[in-house]
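Take a look at the structure set out below.
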Amino acid sequence: MNTKNILSIILCFLSIGAFAQNQNNTLKGKIYDAETKEPIIGASIHLLTNPNITSFSNADGSFKIAVNQATDSLKIDYVGYASTTILATNNLRIALKNNALELHSVYVTANREAGLRTQSPVAISKISPKLIYETKASMVFELINKVPGVIMPSYNNEQHGMAIRQPMGTSAYYLYMEDGVPIRPLGIFNHNALLEINQFTIGSIEVVKGPVSSIYGPEAVGGAINFIMQKPTLVPTAKIGIQADNWGFRRLQFGTSAKIGKFGFYLGGLSSKQTNSWMTNSDYDKTSINARLEYNFTDKTRLIGNLIYGKYYSQMAGSVDSAAFYDRKYVSTSDFTYRKSDAYRSRLTLEHDWSNHSKTFITAFLRNNKHGQNPSYSIRWNPVASPTNNPLKAKGEINSNNFESHGVIAQHSQKIDFLKSKLILGGVFDYSTNNYWSHQILLNAQLRPDGKNVERYTIDQIRPDLKIADYNGIIKNSAAYVQYDFEPISKLRFSLGARYDLMALNYKNNVNNTAGNIVYKRFTPKIGATFDLGNDKGLYANYAQGFSPPSLTAIFRPRPNTTPVEFYTNLQPAVFQNYEIGGWASLLKNKLYIDVALYQMNGQNELLNIRQPDNSFDYQSAGKTLHRGIEFGITAKPNTEYSFRFGGTTALHRYENFLLSNKPTDPVQNLAGFEMPSAPRWNWNTELNYYPKWFKNFRSAIEWQYVSSWYQDQVNKVKYKGYNLINFRTGYQYKSVELFTNLMNITNALVANSASRGNNTTDRTTFNPGAPRTFVLGIQYNFAGK
């Protein structure tokens, strides 16, 4: 054999080897959301020529898959996104476009990790990144009020109440979280806690309605709101913008994000300022910064760090009386009231995927919060002259409530082949120190000519020596929870869960020089089931318990108008039993999505604030309460130009057994059968979006919010008529520059976000007015790399 033949044989073998190698190339790529640019975890990738060859994207959106031919094509699928087919080439960057209706199918809040709607027997709603981006909200309530069955009343300057399966107000029956971690510890609830949220850095919002105490613990009774913050993007991104309105509000905002090798980061912040607004004495400043760092040790192990800092100061204009409200004279009666907050939160999470069926995370967290105020709602004034009361005098207070928390959350989930089961085991430990003090200020009251209302309060004396409350506490909350999901027959899935909480409070009451320990223990179960009807249709039912111990301020603030001073040391935890059925359906080839929930929640020892004639409040536990309603949501997208949503609730909130005094035969005091105040029977929010084909990159939306009438008092004598609110939003993007406008309350409707009074015929109604017609204009630069 000559040399030429030998070389030919060698070349032949090399060619065969190269061909064979080409037949089994390992292709690499990354998958991300086309809008947010964030990695998509768990997307499936398979070959069209051989569907048995499948891969999944990991935590940073990366995947690997063996291809057989140079001409192979890949199909990428992920729930909530449109399927994509692409030619198989190396180092792919694949952007998936979300399907607005299918996004209802994936949630993370039901059990602290991503799960399908078809396997979650709870009423849960999601505000998508697209809806958040297009709303361009100045305040968080503009987003939350889009959720069916939820009302977030604005008390101006980002101060707020809440209503989820409860009357509107300031009750402590809601849990607020960032990425699944409560932003406040048990026992130190603040109804204004969401003013600490950095709304520009929100990625999406999930709202669970009804008790989820079996996994999240106390306070998650009416519902839980989970703010899922933005994450590092797969491609470099940057945003900077400014928005302002005609009432002196302006906000500068920015965000930037990228992934570099195994490292990823996100940094975003805002600075808001308001001066000379429609309501006198309502200036405010807010600065908030969010940072997130990620490091992928491997494709199975990652470390995530979050840091959040916020500083807030606001004048507190407070409410107005009837004459000022209906005359639209939004003049505060005080110029010295304020609220301030200095909040820092950080957490470090280690995640490990043992396999596709097993994962573990452990999160260590730190909270440090300083909150002080001279609250307008604490001004006590009685117009009736008597030997013990001077109508030209009033009382207020200055208080401070500070805490620091250290804690850990750990969870392991395991999928099991037997009955297609899934087991979740978790534990929580939260150690918090809390100090609170409050003292009186003495005020002068300048009356109006009618002598029945106050024109203006001024400070007479600041009296640190006149203590109202002063206590120190150490709160230790330990909990363990378990959830077991299984499928005994095809399509029918059960979910059993339970949590045990042990809350120990070691306190010192410096007002009466007492000290001691208070312990609350509670086992909280739930049982639920889903039945998958196929084609994204299903039914669910559940029974769940919720409970909430009284907050420390409720225990250690003295009862008003008592001599000697009495404290609320006998308050019992509120307990709720929730029964619920519901269902969801995607129709007309995913062009229409409907979800409905019917619930009844029975409460016992529900803590109420009973308004007194001098505007002070007395805490009382209602014997039994009833909360019953229907929640409904409809989302439609008939074509690429139009989308529509309609969501709301009709509900009854009623006292079943509640005595205001020791005279159960007195019709004024026996409130069994009376409706609870601030509980509208109907509310809804609907929105129509238009994306014209003939005007590319332009969008518009008109929104209608309706809240029906509600009783202002416990004895059901006086009602507020409710309101209709219409908002209009537009936006246009040219290359990387976006211009947007929001016209809020376009009809200039007279709106009260709260209207309440005491139970005596001589008591006054006070209104917390909503903003008149407001025009918001903004411009933003958006950069996205490739």
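So you can find residues: chains in the structure tokens are A, B, ... in the order shown, residues in each start at 1, and ligands are numbered from 1 in order.
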
Please identify the strand (DSSP E or B) residues within range 44-143 of chain A (assignment by DSSP from backbone atoms) and present them as a ChimeraX atom specification. /A:44-47,54-56,62-67,73-77,81,84-87,92-96,98,106-107,115-116,123-127

Need the shell around range 224-238 of chain A: protein/DNA/RNA residues with any atom at most 7 Å away, counting only C-alpha atoms. Skip same-chain ones fewer than 3 positions apart. Format as an mmCIF file with all heavy atoms, in the first residue's frame?
data_model
loop_
_atom_site.group_PDB
_atom_site.id
_atom_site.type_symbol
_atom_site.label_atom_id
_atom_site.label_comp_id
_atom_site.auth_asym_id
_atom_site.auth_seq_id
_atom_site.Cartn_x
_atom_site.Cartn_y
_atom_site.Cartn_z
ATOM 1 N N TYR A 32 -34.719 33.694 28.188
ATOM 2 C CA TYR A 32 -35.116 34.789 29.075
ATOM 3 C C TYR A 32 -36.441 35.395 28.611
ATOM 4 O O TYR A 32 -36.915 35.152 27.507
ATOM 5 C CB TYR A 32 -34.026 35.856 29.148
ATOM 6 C CG TYR A 32 -33.686 36.530 27.832
ATOM 7 C CD1 TYR A 32 -34.284 37.739 27.470
ATOM 8 C CD2 TYR A 32 -32.758 35.968 26.956
ATOM 9 C CE1 TYR A 32 -33.972 38.360 26.271
ATOM 10 C CE2 TYR A 32 -32.434 36.579 25.758
ATOM 11 C CZ TYR A 32 -33.046 37.777 25.423
ATOM 12 O OH TYR A 32 -32.740 38.388 24.231
ATOM 13 N N LYS A 37 -36.342 40.696 30.500
ATOM 14 C CA LYS A 37 -34.964 40.238 30.239
ATOM 15 C C LYS A 37 -34.434 39.350 31.355
ATOM 16 O O LYS A 37 -33.248 39.027 31.383
ATOM 17 C CB LYS A 37 -34.002 41.425 30.033
ATOM 18 C CG LYS A 37 -34.517 42.526 29.114
ATOM 19 C CD LYS A 37 -34.852 42.039 27.731
ATOM 20 C CE LYS A 37 -35.350 43.172 26.851
ATOM 21 N NZ LYS A 37 -35.864 42.718 25.558
ATOM 22 N N GLU A 38 -35.293 38.915 32.267
ATOM 23 C CA GLU A 38 -34.865 38.039 33.348
ATOM 24 C C GLU A 38 -34.835 36.595 32.872
ATOM 25 O O GLU A 38 -35.641 36.184 32.027
ATOM 26 C CB GLU A 38 -35.802 38.180 34.549
ATOM 27 C CG GLU A 38 -35.742 39.544 35.210
ATOM 28 C CD GLU A 38 -36.717 39.651 36.378
ATOM 29 O OE1 GLU A 38 -37.400 38.653 36.669
ATOM 30 O OE2 GLU A 38 -36.799 40.742 36.983
ATOM 31 N N PRO A 39 -33.910 35.777 33.399
ATOM 32 C CA PRO A 39 -33.837 34.365 32.989
ATOM 33 C C PRO A 39 -35.140 33.630 33.307
ATOM 34 O O PRO A 39 -35.819 33.932 34.293
ATOM 35 C CB PRO A 39 -32.687 33.814 33.825
ATOM 36 C CG PRO A 39 -31.898 35.008 34.251
ATOM 37 C CD PRO A 39 -32.866 36.129 34.372
ATOM 38 N N THR A 109 -46.284 32.098 45.410
ATOM 39 C CA THR A 109 -46.638 32.435 46.783
ATOM 40 C C THR A 109 -47.405 31.328 47.486
ATOM 41 O O THR A 109 -47.399 31.255 48.710
ATOM 42 C CB THR A 109 -47.461 33.741 46.805
ATOM 43 O OG1 THR A 109 -46.727 34.746 46.111
ATOM 44 C CG2 THR A 109 -47.707 34.214 48.220
ATOM 45 N N TYR A 174 -53.242 41.056 57.690
ATOM 46 C CA TYR A 174 -52.620 40.875 56.380
ATOM 47 C C TYR A 174 -51.115 40.686 56.561
ATOM 48 O O TYR A 174 -50.503 41.260 57.466
ATOM 49 C CB TYR A 174 -52.889 42.082 55.479
ATOM 50 C CG TYR A 174 -54.330 42.494 55.462
ATOM 51 C CD1 TYR A 174 -54.757 43.646 56.136
ATOM 52 C CD2 TYR A 174 -55.290 41.725 54.817
ATOM 53 C CE1 TYR A 174 -56.084 44.016 56.150
ATOM 54 C CE2 TYR A 174 -56.620 42.087 54.814
ATOM 55 C CZ TYR A 174 -57.017 43.234 55.488
ATOM 56 O OH TYR A 174 -58.338 43.589 55.501
ATOM 57 N N LEU A 175 -50.555 39.890 55.661
ATOM 58 C CA LEU A 175 -49.119 39.659 55.690
ATOM 59 C C LEU A 175 -48.511 40.254 54.425
ATOM 60 O O LEU A 175 -48.929 39.921 53.313
ATOM 61 C CB LEU A 175 -48.819 38.157 55.750
ATOM 62 C CG LEU A 175 -47.348 37.767 55.856
ATOM 63 C CD1 LEU A 175 -46.761 38.248 57.183
ATOM 64 C CD2 LEU A 175 -47.180 36.257 55.723
ATOM 65 N N TYR A 176 -47.523 41.131 54.599
ATOM 66 C CA TYR A 176 -46.832 41.767 53.474
ATOM 67 C C TYR A 176 -45.422 41.197 53.388
ATOM 68 O O TYR A 176 -44.697 41.163 54.388
ATOM 69 C CB TYR A 176 -46.772 43.282 53.666
ATOM 70 C CG TYR A 176 -48.126 43.930 53.849
ATOM 71 C CD1 TYR A 176 -48.342 44.884 54.848
ATOM 72 C CD2 TYR A 176 -49.196 43.600 53.025
ATOM 73 C CE1 TYR A 176 -49.574 45.488 55.014
ATOM 74 C CE2 TYR A 176 -50.435 44.195 53.186
ATOM 75 C CZ TYR A 176 -50.618 45.133 54.188
ATOM 76 O OH TYR A 176 -51.856 45.729 54.341
ATOM 77 N N MET A 177 -45.026 40.771 52.182
ATOM 78 C CA MET A 177 -43.741 40.103 52.011
ATOM 79 C C MET A 177 -42.990 40.659 50.803
ATOM 80 O O MET A 177 -43.584 41.167 49.861
ATOM 81 C CB MET A 177 -43.960 38.596 51.799
ATOM 82 C CG MET A 177 -44.651 37.905 52.944
ATOM 83 S SD MET A 177 -44.885 36.120 52.623
ATOM 84 C CE MET A 177 -46.196 36.179 51.405
ATOM 85 N N GLU A 178 -41.670 40.522 50.853
ATOM 86 C CA GLU A 178 -40.788 40.731 49.709
ATOM 87 C C GLU A 178 -40.105 39.410 49.413
ATOM 88 O O GLU A 178 -39.396 38.865 50.261
ATOM 89 C CB GLU A 178 -39.740 41.803 50.021
ATOM 90 C CG GLU A 178 -40.310 43.210 50.085
ATOM 91 C CD GLU A 178 -39.340 44.208 50.684
ATOM 92 O OE1 GLU A 178 -38.541 43.817 51.567
ATOM 93 O OE2 GLU A 178 -39.386 45.375 50.284
ATOM 94 N N ASP A 179 -40.363 38.882 48.236
ATOM 95 C CA ASP A 179 -39.789 37.593 47.839
ATOM 96 C C ASP A 179 -40.009 36.526 48.910
ATOM 97 O O ASP A 179 -39.114 35.734 49.226
ATOM 98 C CB ASP A 179 -38.302 37.732 47.524
ATOM 99 C CG ASP A 179 -38.051 38.588 46.295
ATOM 100 O OD1 ASP A 179 -38.836 38.482 45.330
ATOM 101 O OD2 ASP A 179 -37.085 39.377 46.298
ATOM 102 N N GLY A 180 -41.198 36.507 49.488
ATOM 103 C CA GLY A 180 -41.569 35.468 50.436
ATOM 104 C C GLY A 180 -41.127 35.692 51.866
ATOM 105 O O GLY A 180 -41.434 34.870 52.736
ATOM 106 N N THR A 201 -38.976 48.997 41.700
ATOM 107 C CA THR A 201 -38.191 47.767 41.587
ATOM 108 C C THR A 201 -39.053 46.508 41.679
ATOM 109 O O THR A 201 -38.527 45.396 41.751
ATOM 110 C CB THR A 201 -37.106 47.719 42.673
ATOM 111 O OG1 THR A 201 -37.731 47.689 43.967
ATOM 112 C CG2 THR A 201 -36.192 48.922 42.590
ATOM 113 N N ILE A 202 -40.376 46.666 41.665
ATOM 114 C CA ILE A 202 -41.272 45.510 41.730
ATOM 115 C C ILE A 202 -41.273 44.793 40.385
ATOM 116 O O ILE A 202 -41.480 45.411 39.341
ATOM 117 C CB ILE A 202 -42.701 45.942 42.097
ATOM 118 C CG1 ILE A 202 -42.734 46.610 43.475
ATOM 119 C CG2 ILE A 202 -43.645 44.748 42.072
ATOM 120 C CD1 ILE A 202 -44.066 47.249 43.806
ATOM 121 N N GLY A 203 -41.056 43.477 40.408
ATOM 122 C CA GLY A 203 -41.129 42.690 39.188
ATOM 123 C C GLY A 203 -42.534 42.204 38.908
ATOM 124 O O GLY A 203 -43.049 42.326 37.793
ATOM 125 N N SER A 204 -43.185 41.633 39.912
ATOM 126 C CA SER A 204 -44.575 41.210 39.828
ATOM 127 C C SER A 204 -45.134 41.172 41.244
ATOM 128 O O SER A 204 -44.380 41.272 42.224
ATOM 129 C CB SER A 204 -44.710 39.839 39.144
ATOM 130 O OG SER A 204 -44.028 38.842 39.880
ATOM 131 N N ILE A 205 -46.444 41.026 41.358
ATOM 132 C CA ILE A 205 -47.109 40.996 42.657
ATOM 133 C C ILE A 205 -48.080 39.827 42.656
ATOM 134 O O ILE A 205 -48.857 39.659 41.710
ATOM 135 C CB ILE A 205 -47.878 42.304 42.952
ATOM 136 C CG1 ILE A 205 -46.944 43.512 42.852
ATOM 137 C CG2 ILE A 205 -48.521 42.254 44.335
ATOM 138 C CD1 ILE A 205 -47.672 44.852 42.927
ATOM 139 N N GLU A 206 -48.043 39.033 43.713
ATOM 140 C CA GLU A 206 -49.012 37.961 43.877
ATOM 141 C C GLU A 206 -49.799 38.184 45.161
ATOM 142 O O GLU A 206 -49.216 38.538 46.200
ATOM 143 C CB GLU A 206 -48.318 36.603 43.906
ATOM 144 C CG GLU A 206 -47.680 36.244 42.570
ATOM 145 C CD GLU A 206 -47.054 34.873 42.537
ATOM 146 O OE1 GLU A 206 -47.107 34.160 43.555
ATOM 147 O OE2 GLU A 206 -46.510 34.520 41.477
ATOM 148 N N VAL A 207 -51.108 37.983 45.076
ATOM 149 C CA VAL A 207 -51.995 38.194 46.210
ATOM 150 C C VAL A 207 -52.774 36.914 46.465
ATOM 151 O O VAL A 207 -53.514 36.442 45.593
ATOM 152 C CB VAL A 207 -52.971 39.357 45.953
ATOM 153 C CG1 VAL A 207 -53.878 39.568 47.165
ATOM 154 C CG2 VAL A 207 -52.213 40.639 45.624
ATOM 155 N N VAL A 208 -52.580 36.330 47.638
ATOM 156 C CA VAL A 208 -53.370 35.181 48.068
ATOM 157 C C VAL A 208 -54.484 35.708 48.957
ATOM 158 O O VAL A 208 -54.231 36.414 49.935
ATOM 159 C CB VAL A 208 -52.516 34.156 48.833
ATOM 160 C CG1 VAL A 208 -53.372 32.962 49.250
ATOM 161 C CG2 VAL A 208 -51.351 33.691 47.977
ATOM 162 N N LYS A 209 -55.720 35.353 48.618
ATOM 163 C CA LYS A 209 -56.872 35.813 49.384
ATOM 164 C C LYS A 209 -57.369 34.710 50.302
ATOM 165 O O LYS A 209 -57.525 33.570 49.879
ATOM 166 C CB LYS A 209 -57.976 36.270 48.423
ATOM 167 C CG LYS A 209 -57.628 37.583 47.702
ATOM 168 C CD LYS A 209 -58.401 37.795 46.426
ATOM 169 C CE LYS A 209 -57.788 37.019 45.279
ATOM 170 N NZ LYS A 209 -58.418 37.346 43.979
ATOM 171 N N ALA A 220 -51.456 36.194 58.365
ATOM 172 C CA ALA A 220 -51.876 35.896 56.994
ATOM 173 C C ALA A 220 -53.302 35.355 57.030
ATOM 174 O O ALA A 220 -53.558 34.179 56.773
ATOM 175 C CB ALA A 220 -50.927 34.891 56.361
ATOM 176 N N GLY A 255 -32.850 52.054 37.302
ATOM 177 C CA GLY A 255 -32.593 50.640 37.514
ATOM 178 C C GLY A 255 -31.564 50.154 36.519
ATOM 179 O O GLY A 255 -31.533 50.608 35.368
ATOM 180 N N THR A 256 -30.705 49.258 36.934
ATOM 181 C CA THR A 256 -29.718 48.675 36.029
ATOM 182 C C THR A 256 -29.451 47.239 36.457
ATOM 183 O O THR A 256 -29.524 46.912 37.655
ATOM 184 C CB THR A 256 -28.408 49.494 36.025
ATOM 185 O OG1 THR A 256 -27.503 48.938 35.073
ATOM 186 C CG2 THR A 256 -27.749 49.506 37.398
ATOM 187 N N SER A 257 -29.136 46.388 35.464
ATOM 188 C CA SER A 257 -29.017 44.976 35.767
ATOM 189 C C SER A 257 -28.190 44.281 34.696
ATOM 190 O O SER A 257 -28.163 44.713 33.533
ATOM 191 C CB SER A 257 -30.406 44.342 35.851
ATOM 192 O OG SER A 257 -30.328 42.979 36.139
ATOM 193 N N ALA A 258 -27.546 43.173 35.074
ATOM 194 C CA ALA A 258 -26.771 42.385 34.113
ATOM 195 C C ALA A 258 -26.327 41.090 34.764
ATOM 196 O O ALA A 258 -26.361 40.945 35.998
ATOM 197 C CB ALA A 258 -25.556 43.168 33.616
ATOM 198 N N LYS A 259 -25.904 40.159 33.903
ATOM 199 C CA LYS A 259 -25.237 38.938 34.353
ATOM 200 C C LYS A 259 -23.873 38.865 33.670
ATOM 201 O O LYS A 259 -23.773 39.044 32.455
ATOM 202 C CB LYS A 259 -26.067 37.707 34.004
ATOM 203 C CG LYS A 259 -27.106 37.334 35.050
ATOM 204 C CD LYS A 259 -27.789 36.047 34.691
ATOM 205 C CE LYS A 259 -28.668 35.566 35.843
ATOM 206 N NZ LYS A 259 -27.901 35.054 36.974
ATOM 207 N N GLY A 264 -24.429 37.943 38.904
ATOM 208 C CA GLY A 264 -25.501 38.788 38.403
ATOM 209 C C GLY A 264 -25.867 39.842 39.432
ATOM 210 O O GLY A 264 -25.715 39.635 40.640
ATOM 211 N N PHE A 265 -26.339 40.987 38.962
ATOM 212 C CA PHE A 265 -26.706 42.045 39.898
ATOM 213 C C PHE A 265 -27.917 42.812 39.373
ATOM 214 O O PHE A 265 -28.192 42.864 38.175
ATOM 215 C CB PHE A 265 -25.543 43.019 40.124
ATOM 216 C CG PHE A 265 -25.300 43.959 38.964
ATOM 217 C CD1 PHE A 265 -25.915 45.210 38.898
ATOM 218 C CD2 PHE A 265 -24.461 43.589 37.921
ATOM 219 C CE1 PHE A 265 -25.705 46.061 37.830
ATOM 220 C CE2 PHE A 265 -24.235 44.433 36.846
ATOM 221 C CZ PHE A 265 -24.859 45.679 36.795
ATOM 222 N N TYR A 266 -28.640 43.397 40.315
ATOM 223 C CA TYR A 266 -29.694 44.364 39.999
ATOM 224 C C TYR A 266 -29.603 45.492 41.018
ATOM 225 O O TYR A 266 -29.431 45.252 42.220
ATOM 226 C CB TYR A 266 -31.090 43.747 40.062
ATOM 227 C CG TYR A 266 -32.169 44.805 39.945
ATOM 228 C CD1 TYR A 266 -32.531 45.300 38.699
ATOM 229 C CD2 TYR A 266 -32.762 45.357 41.075
ATOM 230 C CE1 TYR A 266 -33.483 46.302 38.583
ATOM 231 C CE2 TYR A 266 -33.705 46.365 40.966
ATOM 232 C CZ TYR A 266 -34.062 46.838 39.723
ATOM 233 O OH TYR A 266 -34.992 47.845 39.604
ATOM 234 N N ARG A 292 -29.721 43.610 44.510
ATOM 235 C CA ARG A 292 -29.750 42.142 44.519
ATOM 236 C C ARG A 292 -28.491 41.628 43.832
ATOM 237 O O ARG A 292 -28.142 42.064 42.732
ATOM 238 C CB ARG A 292 -30.990 41.609 43.800
ATOM 239 C CG ARG A 292 -31.092 40.071 43.780
ATOM 240 C CD ARG A 292 -32.308 39.645 42.987
ATOM 241 N NE ARG A 292 -32.407 38.196 42.847
ATOM 242 C CZ ARG A 292 -33.299 37.429 43.465
ATOM 243 N NH1 ARG A 292 -34.175 38.004 44.295
ATOM 244 N NH2 ARG A 292 -33.345 36.123 43.265
ATOM 245 N N ASN A 782 -34.916 53.622 28.253
ATOM 246 C CA ASN A 782 -34.775 52.190 28.482
ATOM 247 C C ASN A 782 -33.696 51.624 27.560
ATOM 248 O O ASN A 782 -33.813 51.728 26.336
ATOM 249 C CB ASN A 782 -36.100 51.468 28.196
ATOM 250 C CG ASN A 782 -37.255 52.037 28.991
ATOM 251 O OD1 ASN A 782 -37.200 52.115 30.208
ATOM 252 N ND2 ASN A 782 -38.311 52.446 28.303
ATOM 253 N N PHE A 783 -32.686 51.029 28.163
ATOM 254 C CA PHE A 783 -31.612 50.422 27.380
ATOM 255 C C PHE A 783 -31.607 48.916 27.612
ATOM 256 O O PHE A 783 -31.758 48.446 28.742
ATOM 257 C CB PHE A 783 -30.253 50.989 27.782
ATOM 258 C CG PHE A 783 -29.091 50.195 27.251
ATOM 259 C CD1 PHE A 783 -28.666 50.343 25.942
ATOM 260 C CD2 PHE A 783 -28.434 49.261 28.061
ATOM 261 C CE1 PHE A 783 -27.604 49.589 25.446
ATOM 262 C CE2 PHE A 783 -27.381 48.509 27.585
ATOM 263 C CZ PHE A 783 -26.958 48.679 26.260
ATOM 264 N N ALA A 784 -31.478 48.153 26.542
ATOM 265 C CA ALA A 784 -31.339 46.706 26.646
ATOM 266 C C ALA A 784 -30.286 46.242 25.657
ATOM 267 O O ALA A 784 -30.390 46.512 24.451
ATOM 268 C CB ALA A 784 -32.671 46.021 26.368
ATOM 269 N N GLY A 785 -29.269 45.559 26.167
ATOM 270 C CA GLY A 785 -28.217 45.058 25.302
ATOM 271 C C GLY A 785 -28.641 43.792 24.581
ATOM 272 O O GLY A 785 -29.789 43.360 24.636
ATOM 273 N N LYS A 786 -27.683 43.173 23.938
ATOM 274 C CA LYS A 786 -27.958 41.945 23.190
ATOM 275 C C LYS A 786 -27.051 40.822 23.656
ATOM 276 O O LYS A 786 -26.009 41.050 24.224
ATOM 277 C CB LYS A 786 -27.759 42.195 21.686
ATOM 278 C CG LYS A 786 -28.734 43.210 21.104
ATOM 279 C CD LYS A 786 -28.519 43.372 19.618
ATOM 280 C CE LYS A 786 -29.497 44.382 19.018
ATOM 281 N NZ LYS A 786 -29.289 44.559 17.565
#

Contact residues around Leu725 in chain A with only C-alpha atoms at 8 Å, ignoring same-chain residues under 4 positions, as a PyMOL selection string: chain A and resi 704-706+745-747+749+751

What's the separation between CA of Asn602 in chain A and CA of Phe658 in chain A, in Å to one decimal place?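 Rounded to one decimal, the two atoms are 13.3 Å apart.
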
Between A:Gln669, A:Tyr377, A:Val454, A:Asn512, which is the closest to Phe617 in chain A once you count only C-alpha atoms?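 For Phe617 in chain A, the nearest of the candidates is A:Tyr377.
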
Using DSSP on the backbone coordinates, identify all residues within range 165-211 of chain A classified as helix (DSSP H, G or I); present the result as a PDB file with C-alpha atoms, in the first residue's frame.
ATOM      1  CA  ALA A 193     -45.917  49.146  56.026  1.00  0.00           C
ATOM      2  CA  LEU A 194     -46.168  49.275  52.224  1.00  0.00           C
ATOM      3  CA  LEU A 195     -44.944  52.864  52.125  1.00  0.00           C
ATOM      4  CA  GLU A 196     -41.528  51.243  52.653  1.00  0.00           C
ATOM      5  CA  GLN A 199     -42.440  50.471  43.736  1.00  0.00           C
ATOM      6  CA  PHE A 200     -40.023  51.021  40.838  1.00  0.00           C
ATOM      7  CA  THR A 201     -38.191  47.767  41.587  1.00  0.00           C
TER       8      THR A 201
END

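Rounded to one decimal, CA of Asn98 in chain A and CA of Glu113 in chain A lie 19.7 Å from each other.
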
Could you build a table of the residues in range 627-687 of chain A lying no more than 12 Å from range 576-582 of chain A, giving for each the nearest pair of atoms and their separation in Å rounded to one decimal place, using only C-alpha atoms, ordered by chain and ascending residue number, as JSON lines?
{"residue": "A:His627", "atom": "CA", "partner": "A:Asn578", "partner_atom": "CA", "distance": 9.0}
{"residue": "A:Arg628", "atom": "CA", "partner": "A:Asn578", "partner_atom": "CA", "distance": 9.5}
{"residue": "A:Gly629", "atom": "CA", "partner": "A:Glu580", "partner_atom": "CA", "distance": 9.8}
{"residue": "A:Ile630", "atom": "CA", "partner": "A:Gly582", "partner_atom": "CA", "distance": 9.2}
{"residue": "A:Glu631", "atom": "CA", "partner": "A:Gly582", "partner_atom": "CA", "distance": 9.1}
{"residue": "A:Phe632", "atom": "CA", "partner": "A:Gly582", "partner_atom": "CA", "distance": 9.5}
{"residue": "A:Gly633", "atom": "CA", "partner": "A:Gly582", "partner_atom": "CA", "distance": 11.5}

For a test of reading the model, state the distance in Å between CA of Lys467 in chain A and CA of Leu552 in chain A, rounded to one decimal.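 It comes out at 16.4 Å.
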
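Closest approach to Phe141 in chain A among A:Ile197, A:Arg117, A:Ser214, A:His439 is made by A:Ile197 (distances from only C-alpha atoms).
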
From A:Gly372, A:Pro488, A:Pro391, A:Gly497, residue lying nearest Asp417 in chain A [only C-alpha atoms]: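 Of the candidates, the smallest distance to Asp417 in chain A is held by A:Pro488.
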
Could you give me, as JSON, numbers by chain, the residues within 9 Å of Gln604 in chain A, counting only C-alpha atoms and dropping anything in the same chain fewer than 4 positions from it? {"A": [573, 574, 575, 576, 577, 621, 622, 623, 624, 625]}

So which residues touch Ile398 in chain A within 10 Å, counting only C-alpha atoms, skipping near sequence neighbours fewer than 3 positions away, as a PyMOL selection string? chain A and resi 337-339+372-375+378+437-441+462-464+467-468
